[in-house]
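Q: Have a peek at my_file-v7.cif (mmCIF, C-alpha atoms).
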```cif
data_query
#
loop_
_atom_site.group_PDB
_atom_site.id
_atom_site.type_symbol
_atom_site.label_atom_id
_atom_site.label_comp_id
_atom_site.auth_asym_id
_atom_site.auth_seq_id
_atom_site.Cartn_x
_atom_site.Cartn_y
_atom_site.Cartn_z
ATOM 1 C CA MET A 1 76.059 78.632 140.761
ATOM 2 C CA ASN A 2 75.731 81.574 138.388
ATOM 3 C CA LEU A 3 77.549 80.508 135.221
ATOM 4 C CA PHE A 4 77.846 84.071 133.945
ATOM 5 C CA THR A 5 79.560 85.646 136.941
ATOM 6 C CA LEU A 6 83.176 86.523 136.125
ATOM 7 C CA ARG A 7 84.419 87.211 139.635
ATOM 8 C CA ILE A 8 83.126 87.929 143.123
ATOM 9 C CA GLU A 9 85.514 89.570 145.575
ATOM 10 C CA LEU A 10 88.419 87.142 145.862
ATOM 11 C CA ILE A 11 89.702 84.773 143.219
ATOM 12 C CA ASN A 12 89.737 81.202 144.483
ATOM 13 C CA ARG A 13 92.511 79.175 142.817
ATOM 14 C CA GLN A 14 90.609 75.904 143.119
ATOM 15 C CA HIS A 15 87.551 77.428 141.474
ATOM 16 C CA VAL A 16 89.704 78.735 138.633
ATOM 17 C CA LYS A 17 91.181 75.279 138.219
ATOM 18 C CA HIS A 18 87.720 73.675 138.239
ATOM 19 C CA HIS A 19 86.169 76.033 135.691
ATOM 20 C CA PHE A 20 89.047 75.871 133.233
ATOM 21 C CA SER A 21 89.218 72.100 133.566
ATOM 22 C CA ARG A 22 85.547 71.929 132.696
ATOM 23 C CA ALA A 23 86.030 74.289 129.742
ATOM 24 C CA ALA A 24 89.159 72.585 128.339
ATOM 25 C CA SER A 25 87.337 70.739 125.567
ATOM 26 C CA THR A 26 85.339 73.818 124.460
ATOM 27 C CA TYR A 27 87.925 76.573 124.979
ATOM 28 C CA ASP A 28 89.183 76.769 121.401
ATOM 29 C CA GLU A 29 85.664 77.311 120.040
ATOM 30 C CA ALA A 30 85.576 80.805 121.541
ATOM 31 C CA ALA A 31 89.298 81.666 121.843
ATOM 32 C CA VAL A 32 89.378 84.139 118.945
ATOM 33 C CA ILE A 33 91.342 86.859 120.721
ATOM 34 C CA GLN A 34 93.525 84.412 122.642
ATOM 35 C CA ARG A 35 94.569 82.734 119.388
ATOM 36 C CA GLN A 36 95.435 86.018 117.655
ATOM 37 C CA VAL A 37 97.386 87.400 120.617
ATOM 38 C CA ALA A 38 99.292 84.111 120.968
ATOM 39 C CA LYS A 39 100.491 84.457 117.387
ATOM 40 C CA ASP A 40 101.353 88.109 117.904
ATOM 41 C CA MET A 41 103.221 87.431 121.145
ATOM 42 C CA ALA A 42 105.293 84.642 119.620
ATOM 43 C CA GLU A 43 106.340 87.004 116.840
ATOM 44 C CA ARG A 44 107.202 89.705 119.373
ATOM 45 C CA THR A 45 109.556 87.358 121.186
ATOM 46 C CA LEU A 46 111.652 87.199 118.023
ATOM 47 C CA LEU A 47 112.502 90.878 118.579
ATOM 48 C CA LEU A 48 114.005 90.226 121.995
ATOM 49 C CA LYS A 49 117.793 90.099 121.803
ATOM 50 C CA SER A 50 118.306 87.484 124.474
ATOM 51 C CA SER A 51 118.904 83.768 124.822
ATOM 52 C CA LYS A 52 115.866 81.520 124.363
ATOM 53 C CA GLU A 53 117.351 78.082 124.991
ATOM 54 C CA ASN A 54 115.033 77.388 127.925
ATOM 55 C CA VAL A 55 111.526 78.842 127.690
ATOM 56 C CA LEU A 56 108.783 78.683 130.313
ATOM 57 C CA GLU A 57 105.141 79.240 129.389
ATOM 58 C CA LEU A 58 102.758 79.887 132.285
ATOM 59 C CA GLY A 59 99.078 79.210 131.739
ATOM 60 C CA CYS A 60 99.550 77.310 128.497
ATOM 61 C CA GLY A 61 95.864 76.374 128.293
ATOM 62 C CA THR A 62 95.117 74.404 125.137
ATOM 63 C CA GLY A 63 98.549 75.143 123.648
ATOM 64 C CA LEU A 64 97.761 78.095 121.377
ATOM 65 C CA LEU A 65 101.014 79.859 122.278
ATOM 66 C CA THR A 66 102.932 76.616 122.817
ATOM 67 C CA GLU A 67 102.353 75.689 119.189
ATOM 68 C CA GLN A 68 103.714 79.049 118.024
ATOM 69 C CA LEU A 69 106.786 78.744 120.235
ATOM 70 C CA CYS A 70 107.510 75.283 118.847
ATOM 71 C CA GLN A 71 107.650 76.671 115.333
ATOM 72 C CA HIS A 72 109.737 79.743 116.212
ATOM 73 C CA TYR A 73 112.248 77.982 118.469
ATOM 74 C CA PRO A 74 112.933 74.489 117.120
ATOM 75 C CA ASP A 75 116.157 74.153 119.106
ATOM 76 C CA ALA A 76 114.779 75.312 122.455
ATOM 77 C CA LYS A 77 113.543 73.406 125.498
ATOM 78 C CA ILE A 78 109.985 74.521 126.288
ATOM 79 C CA THR A 79 108.235 73.893 129.589
ATOM 80 C CA ALA A 80 104.468 74.447 129.452
ATOM 81 C CA VAL A 81 102.672 74.937 132.785
ATOM 82 C CA ASP A 82 98.977 75.073 133.605
ATOM 83 C CA LEU A 83 96.867 74.847 136.741
ATOM 84 C CA SER A 84 94.475 72.421 135.022
ATOM 85 C CA ALA A 85 95.417 68.860 134.060
ATOM 86 C CA GLN A 86 92.627 68.885 131.466
ATOM 87 C CA MET A 87 94.069 71.979 129.805
ATOM 88 C CA LEU A 88 97.477 70.307 129.691
ATOM 89 C CA LEU A 89 95.897 67.286 128.027
ATOM 90 C CA GLN A 90 94.368 69.490 125.332
ATOM 91 C CA SER A 91 97.759 71.132 124.801
ATOM 92 C CA LYS A 92 99.424 67.729 124.429
ATOM 93 C CA LEU A 93 96.794 66.628 121.909
ATOM 94 C CA ARG A 94 97.272 69.822 119.890
ATOM 95 C CA LEU A 95 101.035 69.385 119.751
ATOM 96 C CA ALA A 96 100.743 65.683 118.927
ATOM 97 C CA THR A 97 98.552 66.514 115.932
ATOM 98 C CA LYS A 98 100.839 69.302 114.792
ATOM 99 C CA SER A 99 103.901 67.125 115.308
ATOM 100 C CA ALA A 100 102.649 64.613 112.749
ATOM 101 C CA LYS A 101 102.234 67.398 110.193
ATOM 102 C CA TRP A 102 105.623 68.884 111.021
ATOM 103 C CA ARG A 103 107.342 65.526 110.544
ATOM 104 C CA PHE A 104 105.668 65.189 107.148
ATOM 105 C CA TRP A 105 107.039 68.574 106.106
ATOM 106 C CA SER A 106 110.404 67.937 107.795
ATOM 107 C CA VAL A 107 109.891 70.730 110.328
ATOM 108 C CA PRO A 108 112.029 70.163 113.451
ATOM 109 C CA ARG A 109 110.068 69.082 116.519
ATOM 110 C CA LEU A 110 111.399 70.492 119.765
ATOM 111 C CA PRO A 111 110.907 68.816 123.144
ATOM 112 C CA VAL A 112 108.071 70.116 125.324
ATOM 113 C CA GLU A 113 107.640 69.268 128.986
ATOM 114 C CA TRP A 114 104.151 69.705 130.440
ATOM 115 C CA VAL A 115 103.859 70.473 134.151
ATOM 116 C CA GLN A 116 100.736 70.924 136.252
ATOM 117 C CA ALA A 117 101.472 73.686 138.751
ATOM 118 C CA ASP A 118 100.247 76.975 140.181
ATOM 119 C CA ALA A 119 101.940 80.200 139.059
ATOM 120 C CA TYR A 120 102.117 81.200 142.733
ATOM 121 C CA SER A 121 104.397 78.247 143.559
ATOM 122 C CA LEU A 122 106.468 76.949 140.658
ATOM 123 C CA PRO A 123 108.365 73.639 141.027
ATOM 124 C CA PHE A 124 111.541 74.942 139.384
ATOM 125 C CA ALA A 125 114.947 75.974 140.639
ATOM 126 C CA ASP A 126 116.011 79.600 140.718
ATOM 127 C CA ALA A 127 117.224 81.094 137.435
ATOM 128 C CA SER A 128 116.063 78.102 135.370
ATOM 129 C CA PHE A 129 114.733 79.888 132.264
ATOM 130 C CA ASP A 130 115.977 82.361 129.702
ATOM 131 C CA MET A 131 112.485 83.592 128.813
ATOM 132 C CA LEU A 132 109.047 83.373 130.431
ATOM 133 C CA VAL A 133 105.859 83.964 128.438
ATOM 134 C CA SER A 134 102.239 84.015 129.537
ATOM 135 C CA ASN A 135 99.149 84.528 127.395
ATOM 136 C CA PHE A 136 96.018 85.675 129.284
ATOM 137 C CA MET A 137 96.777 84.136 132.660
ATOM 138 C CA LEU A 138 97.487 87.163 134.857
ATOM 139 C CA GLN A 139 93.830 88.249 135.045
ATOM 140 C CA TRP A 140 93.209 85.123 137.130
ATOM 141 C CA CYS A 141 96.035 85.989 139.554
ATOM 142 C CA GLU A 142 94.746 88.400 142.157
ATOM 143 C CA ASP A 143 98.094 88.801 143.936
ATOM 144 C CA LEU A 144 100.367 90.206 141.226
ATOM 145 C CA ASP A 145 103.219 90.735 143.668
ATOM 146 C CA LYS A 146 103.210 87.052 144.560
ATOM 147 C CA VAL A 147 103.136 85.806 140.970
ATOM 148 C CA PHE A 148 105.723 88.337 139.730
ATOM 149 C CA THR A 149 108.048 87.415 142.611
ATOM 150 C CA GLU A 150 107.827 83.771 141.574
ATOM 151 C CA MET A 151 108.353 84.641 137.896
ATOM 152 C CA ARG A 152 111.407 86.714 138.780
ATOM 153 C CA ARG A 153 112.814 83.842 140.839
ATOM 154 C CA VAL A 154 112.777 81.307 137.990
ATOM 155 C CA ILE A 155 114.048 83.647 135.247
ATOM 156 C CA ARG A 156 117.802 83.896 134.996
ATOM 157 C CA PRO A 157 119.332 87.370 135.549
ATOM 158 C CA GLY A 158 118.953 89.332 132.337
ATOM 159 C CA GLY A 159 116.233 87.039 131.013
ATOM 160 C CA ALA A 160 112.969 88.243 129.491
ATOM 161 C CA LEU A 161 109.331 88.213 130.573
ATOM 162 C CA MET A 162 106.542 88.707 128.011
ATOM 163 C CA PHE A 163 102.844 88.512 128.789
ATOM 164 C CA SER A 164 99.306 89.502 127.872
ATOM 165 C CA THR A 165 96.276 90.114 130.057
ATOM 166 C CA PHE A 166 92.937 91.917 129.991
ATOM 167 C CA GLY A 167 92.544 95.567 131.029
ATOM 168 C CA PRO A 168 89.690 97.394 132.820
ATOM 169 C CA ASP A 169 87.662 98.166 129.665
ATOM 170 C CA THR A 170 87.191 94.473 128.905
ATOM 171 C CA LEU A 171 83.485 93.600 128.506
ATOM 172 C CA LYS A 172 82.501 97.177 129.253
ATOM 173 C CA GLU A 173 79.217 96.759 127.348
ATOM 174 C CA LEU A 174 78.214 93.741 129.423
ATOM 175 C CA ARG A 175 79.287 95.489 132.596
ATOM 176 C CA GLN A 176 77.123 98.516 131.758
ATOM 177 C CA ALA A 177 74.130 96.300 131.021
ATOM 178 C CA TRP A 178 74.422 94.623 134.439
ATOM 179 C CA LEU A 179 74.826 97.989 136.183
ATOM 180 C CA SER A 180 71.699 99.346 134.499
ATOM 181 C CA VAL A 181 69.690 96.416 135.877
ATOM 182 C CA GLU A 182 71.218 95.779 139.299
ATOM 183 C CA GLY A 183 72.953 99.051 140.135
ATOM 184 C CA GLU A 184 76.188 99.054 142.117
ATOM 185 C CA SER A 185 75.595 95.515 143.348
ATOM 186 C CA ALA A 186 76.376 94.335 139.807
ATOM 187 C CA HIS A 187 80.077 94.954 140.459
ATOM 188 C CA ARG A 188 80.218 91.628 142.291
ATOM 189 C CA ARG A 189 79.699 89.876 138.965
ATOM 190 C CA PHE A 190 82.883 91.109 137.329
ATOM 191 C CA ASN A 191 86.608 90.625 137.455
ATOM 192 C CA ASP A 192 88.378 93.871 138.379
ATOM 193 C CA PHE A 193 90.963 93.764 135.615
ATOM 194 C CA ILE A 194 94.141 95.616 136.562
ATOM 195 C CA ASP A 195 95.269 98.779 134.778
ATOM 196 C CA MET A 196 98.500 98.481 132.798
ATOM 197 C CA HIS A 197 100.188 101.192 134.887
ATOM 198 C CA ASP A 198 99.563 99.195 138.059
ATOM 199 C CA ILE A 199 100.984 96.120 136.339
ATOM 200 C CA GLY A 200 104.108 98.084 135.450
ATOM 201 C CA ASP A 201 104.504 99.240 139.048
ATOM 202 C CA ALA A 202 104.127 95.651 140.292
ATOM 203 C CA LEU A 203 106.846 94.495 137.900
ATOM 204 C CA ILE A 204 109.287 97.066 139.231
ATOM 205 C CA ARG A 205 108.420 96.265 142.858
ATOM 206 C CA ASN A 206 109.332 92.656 142.261
ATOM 207 C CA GLY A 207 112.712 93.000 140.615
ATOM 208 C CA PHE A 208 111.916 93.537 136.935
ATOM 209 C CA GLY A 209 113.353 96.430 134.957
ATOM 210 C CA GLN A 210 112.638 98.384 131.787
ATOM 211 C CA PRO A 211 108.949 97.391 131.531
ATOM 212 C CA VAL A 212 107.224 98.284 128.275
ATOM 213 C CA MET A 213 103.423 98.178 128.152
ATOM 214 C CA ASP A 214 100.933 98.768 125.380
ATOM 215 C CA VAL A 215 97.199 98.341 125.054
ATOM 216 C CA ASP A 216 94.725 97.634 122.241
ATOM 217 C CA LEU A 217 90.939 97.716 122.349
ATOM 218 C CA LEU A 218 89.543 94.860 120.283
ATOM 219 C CA GLN A 219 85.890 94.118 119.553
ATOM 220 C CA LEU A 220 84.068 90.937 118.711
ATOM 221 C CA VAL A 221 80.688 91.203 116.997
ATOM 222 C CA TYR A 222 77.796 88.873 117.838
ATOM 223 C CA ASP A 223 74.315 88.335 116.461
ATOM 224 C CA LYS A 224 72.772 88.224 119.938
ATOM 225 C CA PRO A 225 73.858 89.271 123.449
ATOM 226 C CA ILE A 226 73.300 85.756 124.794
ATOM 227 C CA ASN A 227 76.088 84.530 122.498
ATOM 228 C CA VAL A 228 78.564 86.711 124.397
ATOM 229 C CA LEU A 229 77.649 84.906 127.595
ATOM 230 C CA LYS A 230 77.838 81.534 125.884
ATOM 231 C CA ASP A 231 81.375 82.269 124.694
ATOM 232 C CA LEU A 232 82.418 83.266 128.210
ATOM 233 C CA LYS A 233 81.136 79.929 129.440
ATOM 234 C CA LEU A 234 83.039 78.069 126.707
ATOM 235 C CA LEU A 235 86.199 79.891 127.789
ATOM 236 C CA GLY A 236 85.717 79.022 131.451
ATOM 237 C CA ALA A 237 85.340 82.720 132.362
ATOM 238 C CA THR A 238 82.859 82.016 135.126
ATOM 239 C CA ASN A 239 82.476 82.423 138.866
ATOM 240 C CA ALA A 240 85.860 82.367 140.635
ATOM 241 C CA ALA A 241 84.471 83.406 144.031
ATOM 242 C CA ALA A 242 86.511 82.737 147.133
ATOM 243 C CA THR A 243 83.641 80.788 148.650
ATOM 244 C CA GLU A 244 80.327 79.520 147.401
ATOM 245 C CA SER A 245 78.561 81.681 149.988
ATOM 246 C CA GLN A 246 79.911 84.779 148.256
ATOM 247 C CA SER A 247 78.166 83.943 145.007
ATOM 248 C CA SER A 248 74.930 85.678 144.095
ATOM 249 C CA GLY A 249 72.995 82.429 143.785
ATOM 250 C CA LEU A 250 71.077 81.215 140.799
ATOM 251 C CA LEU A 251 70.522 83.753 138.069
ATOM 252 C CA GLY A 252 66.805 84.326 137.495
ATOM 253 C CA ARG A 253 65.434 84.287 133.973
ATOM 254 C CA LYS A 254 63.765 87.669 134.524
ATOM 255 C CA THR A 255 67.010 89.346 135.569
ATOM 256 C CA LEU A 256 68.950 87.781 132.713
ATOM 257 C CA SER A 257 66.282 88.892 130.208
ATOM 258 C CA LYS A 258 66.553 92.481 131.471
ATOM 259 C CA VAL A 259 70.343 92.420 131.192
ATOM 260 C CA LEU A 260 70.248 91.044 127.652
ATOM 261 C CA ALA A 261 67.681 93.650 126.638
ATOM 262 C CA ALA A 262 69.808 96.443 128.113
ATOM 263 C CA TYR A 263 72.904 95.059 126.381
ATOM 264 C CA GLU A 264 71.142 94.972 123.012
ATOM 265 C CA ALA A 265 69.679 98.458 123.455
ATOM 266 C CA GLU A 266 73.109 99.938 124.231
ATOM 267 C CA THR A 267 75.220 98.237 121.585
ATOM 268 C CA SER A 268 72.967 96.984 118.807
ATOM 269 C CA HIS A 269 73.865 98.177 115.317
ATOM 270 C CA LEU A 270 72.409 96.647 112.173
ATOM 271 C CA GLY A 271 71.204 93.666 114.170
ATOM 272 C CA GLN A 272 74.563 92.985 115.844
ATOM 273 C CA VAL A 273 76.076 93.607 119.277
ATOM 274 C CA ALA A 274 79.680 94.294 120.249
ATOM 275 C CA ALA A 275 81.886 92.940 123.036
ATOM 276 C CA SER A 276 85.030 94.949 123.781
ATOM 277 C CA PHE A 277 88.278 93.483 125.084
ATOM 278 C CA GLU A 278 91.109 95.680 126.346
ATOM 279 C CA VAL A 279 94.230 93.669 125.589
ATOM 280 C CA VAL A 280 97.329 94.635 127.555
ATOM 281 C CA GLN A 281 100.671 93.314 126.362
ATOM 282 C CA GLY A 282 103.962 93.914 128.066
ATOM 283 C CA HIS A 283 107.518 92.791 128.493
ATOM 284 C CA ALA A 284 110.243 93.389 131.051
ATOM 285 C CA TRP A 285 113.687 92.108 131.960
ATOM 286 C CA ALA A 286 114.948 90.242 135.004
ATOM 287 C CA VAL A 287 117.179 93.144 136.005
ATOM 288 C CA GLN A 288 116.785 95.762 138.700
ATOM 289 C CA GLU A 289 115.053 98.906 137.432
ATOM 290 C CA ILE A 290 117.465 101.839 137.410
ATOM 291 C CA MET A 291 115.392 104.967 136.961
ATOM 292 C CA LYS A 292 111.920 103.935 138.119
ATOM 293 C CA GLY A 293 110.345 102.681 141.293
ATOM 294 C CA PRO A 294 111.020 103.260 145.003
ATOM 295 C CA ASN A 295 114.022 100.904 145.070
ATOM 296 C CA ARG A 296 115.841 102.393 142.091
ATOM 297 C CA ASP A 297 119.602 102.848 142.159
ATOM 298 C CA LYS A 298 120.182 106.580 142.653
ATOM 299 C CA SER A 299 123.974 106.505 142.451
ATOM 300 C CA GLY A 300 125.199 109.074 139.957
ATOM 301 C CA VAL A 301 121.789 110.755 139.757
ATOM 302 C CA VAL A 302 121.553 114.471 140.529
ATOM 303 C CA ASN A 303 118.153 116.048 141.177
ATOM 304 C CA ILE A 304 117.688 119.623 139.993
ATOM 305 C CA THR A 305 114.576 121.825 139.941
ATOM 306 C CA LEU A 306 113.415 123.735 136.873
ATOM 307 C CA ASP A 307 114.241 127.026 138.620
ATOM 308 C CA GLU A 308 117.766 125.822 139.336
ATOM 309 C CA LEU A 309 118.082 124.671 135.728
ATOM 310 C CA ALA A 310 116.999 128.111 134.448
ATOM 311 C CA VAL A 311 119.591 129.845 136.633
ATOM 312 C CA GLU A 312 122.310 127.447 135.459
ATOM 313 C CA LEU A 313 121.476 128.055 131.795
ATOM 314 C CA LYS A 314 121.432 131.828 132.345
ATOM 315 C CA ASN A 315 124.847 131.745 134.014
ATOM 316 C CA ARG A 316 126.294 129.685 131.168
ATOM 317 C CA ARG A 317 124.976 132.127 128.566
ATOM 318 C CA ASN A 318 126.392 135.093 130.488
ATOM 319 C CA GLN A 319 129.766 133.361 130.621
ATOM 320 C CA GLY A 320 129.627 132.542 126.904
ATOM 321 C CA GLY A 321 129.668 128.825 127.568
ATOM 322 C CA GLU A 322 127.610 126.005 126.122
ATOM 323 C CA SER A 323 123.902 126.290 126.869
ATOM 324 C CA SER A 324 123.027 122.674 126.265
ATOM 325 C CA LEU A 325 123.139 120.016 128.959
#
```
Could the structure of this file be written out as C-alpha cells, please?

A:
Amino acid sequence: MNLFTLRIELINRQHVKHHFSRAASTYDEAAVIQRQVAKDMAERTLLLKSSKENVLELGCGTGLLTEQLCQHYPDAKITAVDLSAQMLLQSKLRLATKSAKWRFWSVPRLPVEWVQADAYSLPFADASFDMLVSNFMLQWCEDLDKVFTEMRRVIRPGGALMFSTFGPDTLKELRQAWLSVEGESAHRRFNDFIDMHDIGDALIRNGFGQPVMDVDLLQLVYDKPINVLKDLKLLGATNAAATESQSSGLLGRKTLSKVLAAYEAETSHLGQVAASFEVVQGHAWAVQEIMKGPNRDKSGVVNITLDELAVELKNRRNQGGESSL
C-alpha cells in the first residue's frame, strides 16, 4: 500500500481506524498544528455564553484538546470519543500524567469518560450534551450531512458546536508536485478537503443555526521534502481508500524522486521547503437557522426589490416623511 496517499475516491472508515491506530504512538511527534489549534479552540469555547456542564469531544485522538478542556472546565463532565482504541489509550495516558501534576499543584481534576465509537453512529441519547467540540476530525468524514445530523441529535437544543478541519489549500505544494509528475491522475492521491462555505451550508441543512466560519493559512517549514511525507505518516494521514483495489499500488522510487524534486524546485527557499495548511474553524448552535438556508423560517419576512425600495424612499421624501427604514 502507498503510505503517502492521503485519499482515493471514498473514505473507508475501517481504513481510517487502522491507520490512526497504527499512528497513535507517533502522532504527537508531528502534531504541531493540531496542538496549537487545540489550545486556540479551548480558549474560544470560553467566549461561548452557554452551559458547559456536559461536554462531548469527537475525535479526541491523543488528548490534545481533552487536556485543554480539563483545565478550562474543572467542574464539567467530559466524554472523549475516538474511532481508534489505540488513540483513546494515548489520551488516557496523557491525562493520567497530567493528573498527577495537577494534584501536586492542587488543580481540580474533572471526570473524563472515554468511549470508542464512530461519529456517524454515536452511542448517546438525544440532547445529552451542552457543547460538542471536534479538533481535526471532519476531514475524515466524507458524509458531512450524516455526521452533522448525528452531532445535532446529541446536542441539547441551544447547545454549541465548535470544530476545526482542513480546507482545500492544505498541502497545496505537495499536491502541485504530484500533479507536475503524474498529471490529472495525481488527484487520486489526495483528500478533497471541503470548502468552509460548503461546511456552513451542511450545518444549516442539518438543523444548526448562526454558523460562523473563519480560515487561516498556516505554514510549516522543513529541511527536506521527504520530511513532509514522514510527518504525514506519523500523523496517520495515509491511504483511506474504500477498497484496496482502488489504491495506486506500491509507490516506485523513481516516481517519488521526481515528486520530491518537483516539490523542492517549487518551494525551496534558503535550503528549506514549505507545507501549507488551510485551517478552518467554525462554531454553530443547535437551533434552527432563521435567515439562511432553504428551510429557514420566513414568517414576518417581507421581500422587496431594489427598484421597489427606491420608489418607496422617493414617495416618503415627497410626503416629507422619514427616509430611513

Q: For the structure shown, which residues end up in the PyMOL selection byres ((chain A and resi 111) around 9)? Put them as a ChimeraX atom specification, please?

A: /A:70,74-79,109-110,112-113

Q: For atom CA of A:Arg152 and atom CA of A:Leu132, determine how far apart the two atoms are, in Å to one decimal place.

A: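 Computed distance, atom CA of A:Arg152 to atom CA of A:Leu132, equals 9.3 Å.
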
Q: Do a neighbour search on A:Val212 at 12 Å with only C-alpha atoms, toss out local chain neighbours closer than 6 positions, and write the hits as a list in words.

A: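 With the cut-off at 12 Å, the set is Ala160, Leu161, Met162, Phe163, Ser164, Met196, His197, Ile199, Gly200, Asp201, Leu203, Ile204, Val280, Gln281, Gly282, His283, Ala284 and Trp285 of chain A.
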
Q: Export, as a tab-separated table (two decimals), in the frame of the given file, the selected residues with C-alpha atoms.

A:
```tsv
chain	number	residue	atom	x	y	z
A	160	ALA	CA	112.97	88.24	129.49
A	161	LEU	CA	109.33	88.21	130.57
A	162	MET	CA	106.54	88.71	128.01
A	163	PHE	CA	102.84	88.51	128.79
A	164	SER	CA	99.31	89.50	127.87
A	196	MET	CA	98.50	98.48	132.80
A	197	HIS	CA	100.19	101.19	134.89
A	199	ILE	CA	100.98	96.12	136.34
A	200	GLY	CA	104.11	98.08	135.45
A	201	ASP	CA	104.50	99.24	139.05
A	203	LEU	CA	106.85	94.50	137.90
A	204	ILE	CA	109.29	97.07	139.23
A	280	VAL	CA	97.33	94.64	127.56
A	281	GLN	CA	100.67	93.31	126.36
A	282	GLY	CA	103.96	93.91	128.07
A	283	HIS	CA	107.52	92.79	128.49
A	284	ALA	CA	110.24	93.39	131.05
A	285	TRP	CA	113.69	92.11	131.96
```

Q: How many Å separate atom CA of A:Leu56 from atom CA of A:Arg35?

A: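 That distance, rounded to one decimal, is 18.4 Å.
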
Q: If the PyMOL selection byres ((chain A and resi 186) around 10) were run on this exact file, what residues would it hold? Put them as a ChimeraX atom specification.

A: /A:5,8,175-185,187-190,248
